[in-house]
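A.B. asks: File work_31.tsv below, TSV, C-alpha atoms:
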chain	number	residue	atom	x	y	z
A	1	MET	CA	32.77	-8.33	43.86
A	2	GLN	CA	34.94	-6.91	41.12
A	3	THR	CA	33.58	-9.53	38.76
A	4	GLN	CA	30.02	-8.37	39.51
A	5	ARG	CA	30.98	-4.72	38.91
A	6	ARG	CA	32.59	-5.59	35.61
A	7	GLU	CA	29.48	-7.55	34.61
A	8	ARG	CA	27.19	-4.63	35.50
A	9	THR	CA	29.45	-2.22	33.62
A	10	ARG	CA	29.42	-4.50	30.57
A	11	THR	CA	25.63	-4.76	30.71
A	12	ARG	CA	25.21	-0.97	30.91
A	13	THR	CA	27.62	-0.54	28.02
A	14	GLN	CA	25.65	-2.96	25.90
A	15	VAL	CA	22.38	-1.19	26.73
A	16	TRP	CA	23.82	2.20	25.77
A	17	ALA	CA	25.25	0.74	22.56
A	18	ARG	CA	21.82	-0.59	21.57
A	19	ALA	CA	20.23	2.76	22.41
A	20	ARG	CA	22.71	4.61	20.19
A	21	GLN	CA	22.09	2.19	17.34
A	22	TRP	CA	18.30	2.56	17.56
A	23	GLN	CA	16.88	5.13	15.21
A	24	ARG	CA	13.44	6.65	15.39
A	25	PRO	CA	11.20	5.30	12.60
A	26	PRO	CA	10.65	7.86	9.84
A	27	ALA	CA	7.39	9.79	9.88
A	28	LYS	CA	6.15	7.95	6.80
A	29	ARG	CA	6.48	4.58	8.53
A	30	VAL	CA	4.80	5.91	11.66
A	31	LEU	CA	1.90	7.10	9.52
A	32	ASP	CA	1.69	3.75	7.74
A	33	VAL	CA	1.58	1.74	10.96
A	34	SER	CA	-0.73	4.03	12.95
A	35	LEU	CA	-3.24	4.93	10.24
A	36	GLY	CA	-2.99	1.54	8.54
A	37	SER	CA	-3.70	-0.30	11.81
A	38	ALA	CA	-6.62	1.99	12.61
A	39	LEU	CA	-8.15	1.52	9.16
A	40	LEU	CA	-7.65	-2.23	9.31
A	41	THR	CA	-9.38	-2.41	12.70
A	42	LEU	CA	-12.30	-0.29	11.53
A	43	THR	CA	-12.82	-2.15	8.25
A	44	SER	CA	-12.25	-5.72	9.48
A	45	PRO	CA	-16.00	-6.44	9.94
A	46	LEU	CA	-16.72	-5.09	6.45
A	47	LEU	CA	-13.90	-7.14	4.95
A	48	ALA	CA	-15.11	-10.27	6.71
A	49	ALA	CA	-18.65	-9.70	5.42
A	50	GLY	CA	-17.34	-9.13	1.90
A	51	ALA	CA	-15.28	-12.32	2.03
A	52	LEU	CA	-18.31	-14.33	3.18
A	53	ALA	CA	-20.48	-12.83	0.44
A	54	LEU	CA	-17.89	-13.70	-2.17
A	55	ALA	CA	-17.48	-17.21	-0.81
A	56	ALA	CA	-21.24	-17.73	-1.13
A	57	ARG	CA	-21.07	-16.66	-4.79
A	58	ARG	CA	-18.14	-19.01	-5.46
A	59	PRO	CA	-16.32	-16.77	-7.93
A	60	PRO	CA	-13.91	-18.41	-10.39
A	61	GLY	CA	-10.46	-18.43	-8.87
A	62	GLY	CA	-11.66	-18.14	-5.29
A	63	VAL	CA	-12.26	-15.24	-2.94
A	64	LEU	CA	-8.76	-13.78	-3.21
A	65	THR	CA	-6.62	-12.68	-6.13
A	66	ARG	CA	-2.92	-13.51	-5.93
A	67	SER	CA	-0.22	-11.80	-7.96
A	68	PRO	CA	3.51	-11.18	-7.47
A	69	ARG	CA	4.57	-7.58	-6.99
A	70	ILE	CA	7.93	-5.83	-6.69
A	71	GLY	CA	8.57	-4.00	-3.44
A	72	LEU	CA	11.36	-1.99	-1.87
A	73	ASN	CA	14.86	-2.87	-3.13
A	74	GLY	CA	13.39	-5.29	-5.69
A	75	HIS	CA	11.86	-7.60	-3.06
A	76	VAL	CA	9.12	-9.70	-4.65
A	77	PHE	CA	6.04	-10.54	-2.59
A	78	VAL	CA	2.65	-12.06	-3.35
A	79	LEU	CA	-0.15	-9.49	-3.14
A	80	ARG	CA	-3.53	-10.92	-2.13
A	81	SER	CA	-6.77	-8.97	-2.21
A	82	LEU	CA	-10.50	-9.61	-2.22
A	83	ARG	CA	-11.90	-10.28	-5.67
A	84	THR	CA	-14.40	-7.39	-5.63
A	85	ARG	CA	-14.41	-3.61	-6.29
A	86	HIS	CA	-17.58	-2.98	-4.28
A	87	LEU	CA	-16.84	-0.20	-1.75
A	88	ARG	CA	-13.16	-0.68	-2.66
A	89	LEU	CA	-12.92	-3.79	-0.50
A	90	ASP	CA	-10.13	-5.10	-2.72
A	91	LEU	CA	-8.08	-2.03	-1.82
A	92	LEU	CA	-8.88	-2.19	1.88
A	93	SER	CA	-8.03	-5.88	2.01
A	94	ARG	CA	-4.42	-4.91	1.25
A	95	LEU	CA	-4.04	-2.96	4.49
A	96	PRO	CA	-2.17	-5.85	6.22
A	97	TYR	CA	0.63	-5.34	3.69
A	98	VAL	CA	0.87	-1.71	4.80
A	99	VAL	CA	1.08	-2.63	8.48
A	100	ARG	CA	3.74	-5.29	7.96
A	101	GLY	CA	5.79	-3.09	5.63
A	102	ASP	CA	5.45	-4.51	2.11
A	103	LEU	CA	3.34	-1.54	1.01
A	104	SER	CA	3.09	2.06	2.11
A	105	LEU	CA	-0.17	4.00	2.28
A	106	VAL	CA	1.16	6.25	-0.50
A	107	GLY	CA	3.69	5.31	-3.14
A	108	PRO	CA	4.23	4.27	-6.76
A	109	GLU	CA	2.09	1.59	-8.37
A	110	PRO	CA	2.97	-1.94	-7.17
A	111	LEU	CA	4.09	-3.47	-10.44
A	112	ALA	CA	4.35	-7.11	-11.41
A	113	PRO	CA	7.88	-8.35	-12.19
A	114	ASP	CA	7.08	-8.55	-15.92
A	115	ASP	CA	5.82	-4.94	-15.96
A	116	ALA	CA	8.83	-3.36	-14.25
A	117	GLY	CA	11.23	-2.42	-17.03
A	118	PRO	CA	14.90	-1.62	-16.44
A	119	ALA	CA	14.38	2.09	-17.07
A	120	ALA	CA	12.22	2.40	-13.94
A	121	ALA	CA	14.41	0.31	-11.66
A	122	HIS	CA	16.64	3.15	-10.49
A	123	TRP	CA	13.84	5.06	-8.77
A	124	ARG	CA	11.02	2.56	-8.27
A	125	GLN	CA	13.07	0.25	-6.09
A	126	GLU	CA	14.05	3.09	-3.77
A	127	LEU	CA	10.46	3.47	-2.52
A	128	LYS	CA	7.82	1.08	-1.24
A	129	PRO	CA	4.88	0.74	-3.61
A	130	GLY	CA	1.72	2.33	-2.34
A	131	LEU	CA	-1.82	1.36	-1.52
A	132	THR	CA	-2.63	4.56	-3.39
A	133	GLY	CA	-0.52	7.20	-5.06
A	134	LEU	CA	-0.31	10.16	-7.39
A	135	ALA	CA	-0.95	8.00	-10.47
A	136	GLN	CA	-3.94	6.28	-8.88
A	137	VAL	CA	-5.78	9.44	-7.84
A	138	HIS	CA	-5.42	10.78	-11.39
A	139	SER	CA	-6.29	7.49	-13.11
A	140	ARG	CA	-9.61	8.76	-14.47
A	141	SER	CA	-8.69	12.35	-15.12
A	142	GLY	CA	-8.66	11.75	-18.88
A	143	MET	CA	-5.77	14.17	-19.32
A	144	PRO	CA	-3.17	12.88	-21.81
A	145	TRP	CA	-0.26	14.19	-19.75
A	146	TYR	CA	-1.33	12.20	-16.69
A	147	GLU	CA	0.73	9.16	-17.61
A	148	PRO	CA	1.07	6.76	-14.66
A	149	ASP	CA	4.81	6.30	-15.08
A	150	LEU	CA	5.43	10.05	-15.22
A	151	LEU	CA	3.27	10.66	-12.16
A	152	ASP	CA	4.99	7.87	-10.23
A	153	GLN	CA	8.39	9.29	-11.14
A	154	HIS	CA	7.27	12.78	-10.12
A	155	TYR	CA	6.19	11.37	-6.76
A	156	ALA	CA	9.52	9.58	-6.34
A	157	GLU	CA	11.38	12.85	-6.91
A	158	HIS	CA	9.18	15.07	-4.74
A	159	HIS	CA	7.63	12.80	-2.13
A	160	GLY	CA	7.14	14.07	1.41
A	161	MET	CA	4.56	14.09	4.20
A	162	GLY	CA	2.71	17.08	2.74
A	163	LEU	CA	2.26	15.39	-0.63
A	164	ASP	CA	1.33	12.08	1.04
A	165	LEU	CA	-1.41	13.72	3.11
A	166	ALA	CA	-2.77	15.54	0.05
A	167	ILE	CA	-2.91	12.28	-1.91
A	168	LEU	CA	-4.61	10.47	0.98
A	169	ALA	CA	-7.20	13.24	1.23
A	170	ARG	CA	-8.00	13.00	-2.46
A	171	ALA	CA	-7.95	9.19	-2.41
A	172	THR	CA	-10.63	8.99	0.29
A	173	HIS	CA	-13.04	11.30	-1.52
A	174	ALA	CA	-14.26	8.86	-4.19
A	175	PRO	CA	-14.68	5.83	-1.87
A	176	LEU	CA	-16.64	7.91	0.63
A	177	ARG	CA	-18.87	9.21	-2.16
A	178	GLU	CA	-19.39	5.68	-3.45
A	179	ALA	CA	-20.17	4.42	0.05
A	180	ALA	CA	-22.76	7.17	0.50
A	181	ARG	CA	-24.42	6.18	-2.74
A	182	GLY	CA	-24.38	2.55	-1.67
A	183	LEU	CA	-26.38	3.39	1.43
A	184	THR	CA	-29.20	4.77	-0.67
A	185	ARG	CA	-29.58	1.88	-3.06
A	186	ARG	CA	-29.08	-1.82	-3.10
A	187	GLY	CA	-26.09	-3.02	-5.05
A	188	LYS	CA	-24.27	-6.20	-5.80
A	189	ALA	CA	-20.55	-6.79	-5.42
A	190	ARG	CA	-18.88	-6.58	-8.79
A	191	LEU	CA	-16.32	-9.27	-9.39
A	192	SER	CA	-13.12	-8.39	-11.20
A	193	ASP	CA	-10.60	-10.73	-12.76
A	194	THR	CA	-7.42	-9.95	-10.89
A	195	ASP	CA	-7.19	-6.18	-10.59
A	196	HIS	CA	-9.34	-3.07	-10.98
A	197	ARG	CA	-7.89	-1.68	-14.18
A	198	PRO	CA	-9.64	0.81	-16.50
A	199	SER	CA	-11.76	-0.80	-19.18
A	200	GLY	CA	-10.33	-0.73	-22.66
A	201	TYR	CA	-6.70	-1.16	-21.58
A	202	SER	CA	-4.67	-3.90	-23.19
A	203	ALA	CA	-2.20	-6.01	-21.24
A	204	THR	CA	0.72	-4.03	-22.67
A	205	GLU	CA	-0.79	-0.72	-21.50
A	206	GLU	CA	-1.46	-1.74	-17.94
A	207	VAL	CA	1.04	-0.59	-15.37
A	208	GLY	CA	-0.51	-1.60	-12.05
A	209	THR	CA	-3.50	-2.68	-10.11
A	210	VAL	CA	-4.23	-0.24	-7.31
A	211	SER	CA	-7.10	2.18	-7.88
A	212	THR	CA	-8.69	4.66	-5.58
A	213	ASP	CA	-11.43	6.17	-7.69
Could you render the structure from this file as structure tokens?

C.D. replies:
Amino acid sequence: MQTQRRERTRTRTQVWARARQWQRPPAKRVLDVSLGSALLTLTSPLLAAGALALAARRPPGGVLTRSPRIGLNGHVFVLRSLRTRHLRLDLLSRLPYVVRGDLSLVGPEPLAPDDAGPAAAHWRQELKPGLTGLAQVHSRSGMPWYEPDLLDQHYAEHHGMGLDLAILARATHAPLREAARGLTRRGKARLSDTDHRPSGYSATEEVGTVSTD
């Protein structure tokens, strides 16, 4: 009898210890999982249709692009996305990385290992790279002071839920406008090489691949 009591007491102690160790996920992660899952569910039919259309065209290199990217704490992962910019399907195809935690909905550009210099390591590796971000929503502003690295660093120093929601609101504007235009005219999926980078950039000027315009 005493042995059973001691066993029950030990079990309750272990349960309480686990409960004290558990911490509520931060609001940013909750937003990533909830909104990312919802978007992935809603866009899955469109992504499947895009993948089939690309497979029928047999693009060089296959349906998916594959490139290594640096994540939180310097973790390197392979980022795969659809090889098309039509309706931003390449961007939407990266939603599984948001749900599983390699990317966040909003964050700095996901850089390749060769592009991440030592000067950026102290703040870039403290945040998950983003599906979109401050640098991405300003990528076509044309303003000389909108340098991607400076914008990413500004986000790293001032990030919060308010800024994240503002960036998400601005990021959805251009794709929705493009989708509305697509409904009024027939278009063909445009194939890109590996990323959707602005035309005219050289390899040394490129800092990332995610675009939301």

A.B. asks: Which residue is closest to Val30 in chain A? Choose from A:Arg88, A:Arg94, A:Arg100, A:Arg83 and count all atoms listed in the file.

C.D. replies: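 Looking at the shortest contact to Val30 in chain A, the residue is A:Arg100.
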
A.B. asks: Which of these residues is nearest to Ala169 in chain A, using all atoms listed in the file: A:Ala51, A:Leu134, A:Leu103, A:Val78?

C.D. replies: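 The answer is A:Leu134, which sits nearest to Ala169 in chain A.
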
A.B. asks: As AutoDock Vina command-line options, what would the box around range 74-81 of chain A look like: edges along x, y and z, 6 Å added on every side, centre and edge lengths in Å to one decimal?

C.D. replies:
--center_x 3.3 --center_y -8.7 --center_z -3.9 --size_x 32.2 --size_y 18.8 --size_z 15.6

A.B. asks: In Å to one decimal, how far is CA of Met161 in chain A from CA of Ala112 in chain A?

C.D. replies: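 Result for CA of Ala112 in chain A versus CA of Met161 in chain A: 26.3 Å, one decimal.
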
A.B. asks: With all atoms listed in the file as the basis for distance, which of A:Leu39, A:Leu79, A:Leu163, A:Leu46 is at the shortest distance from Leu64 in chain A?

C.D. replies: A:Leu79

A.B. asks: For a quick check of understanding, using all atoms listed in the file, which of A:Thr132, A:Asn73, A:Thr43, A:Gln153 has the smallest distance to Leu105 in chain A?

C.D. replies: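 Comparing A:Thr132, A:Asn73, A:Thr43, A:Gln153 against Leu105 in chain A, the winner is A:Thr132.
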
A.B. asks: Excluding Leu31 in chain A and residues on its chain fewer than 3 positions from it, collect all residues at most 12 Å away from it, counting all atoms listed in the file, and give them as a PyMOL selection string.

C.D. replies: chain A and resi 25-28+34-39+98-99+101+104-106+160-161+164-165+168

A.B. asks: Considering all atoms listed in the file, can you say which of A:Val33, A:Leu54, A:Leu95, A:Leu111 comes closest to Arg69 in chain A?

C.D. replies: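 Looking only at the distances to Arg69 in chain A, the closest residue turns out to be A:Leu111.
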
A.B. asks: Between CA of Arg170 in chain A and CA of Glu157 in chain A, what is the spacing in Å?

C.D. replies: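 One can read the CA of Glu157 in chain A to CA of Arg170 in chain A distance as 19.9 Å.
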
A.B. asks: Considering only C-alpha atoms, state which residue in the set A:Leu89, A:His75, A:Ala49, A:Val137 is at the smallest distance from Gln125 in chain A.

C.D. replies: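 Comparing A:Leu89, A:His75, A:Ala49, A:Val137 against Gln125 in chain A, the winner is A:His75.
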
A.B. asks: For the atom pair CA of Gly133 in chain A and CA of His158 in chain A, what is the interatomic distance in Å to one decimal place?

C.D. replies: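 Straight-line distance from CA of Gly133 in chain A to CA of His158 in chain A works out to 12.5 Å.
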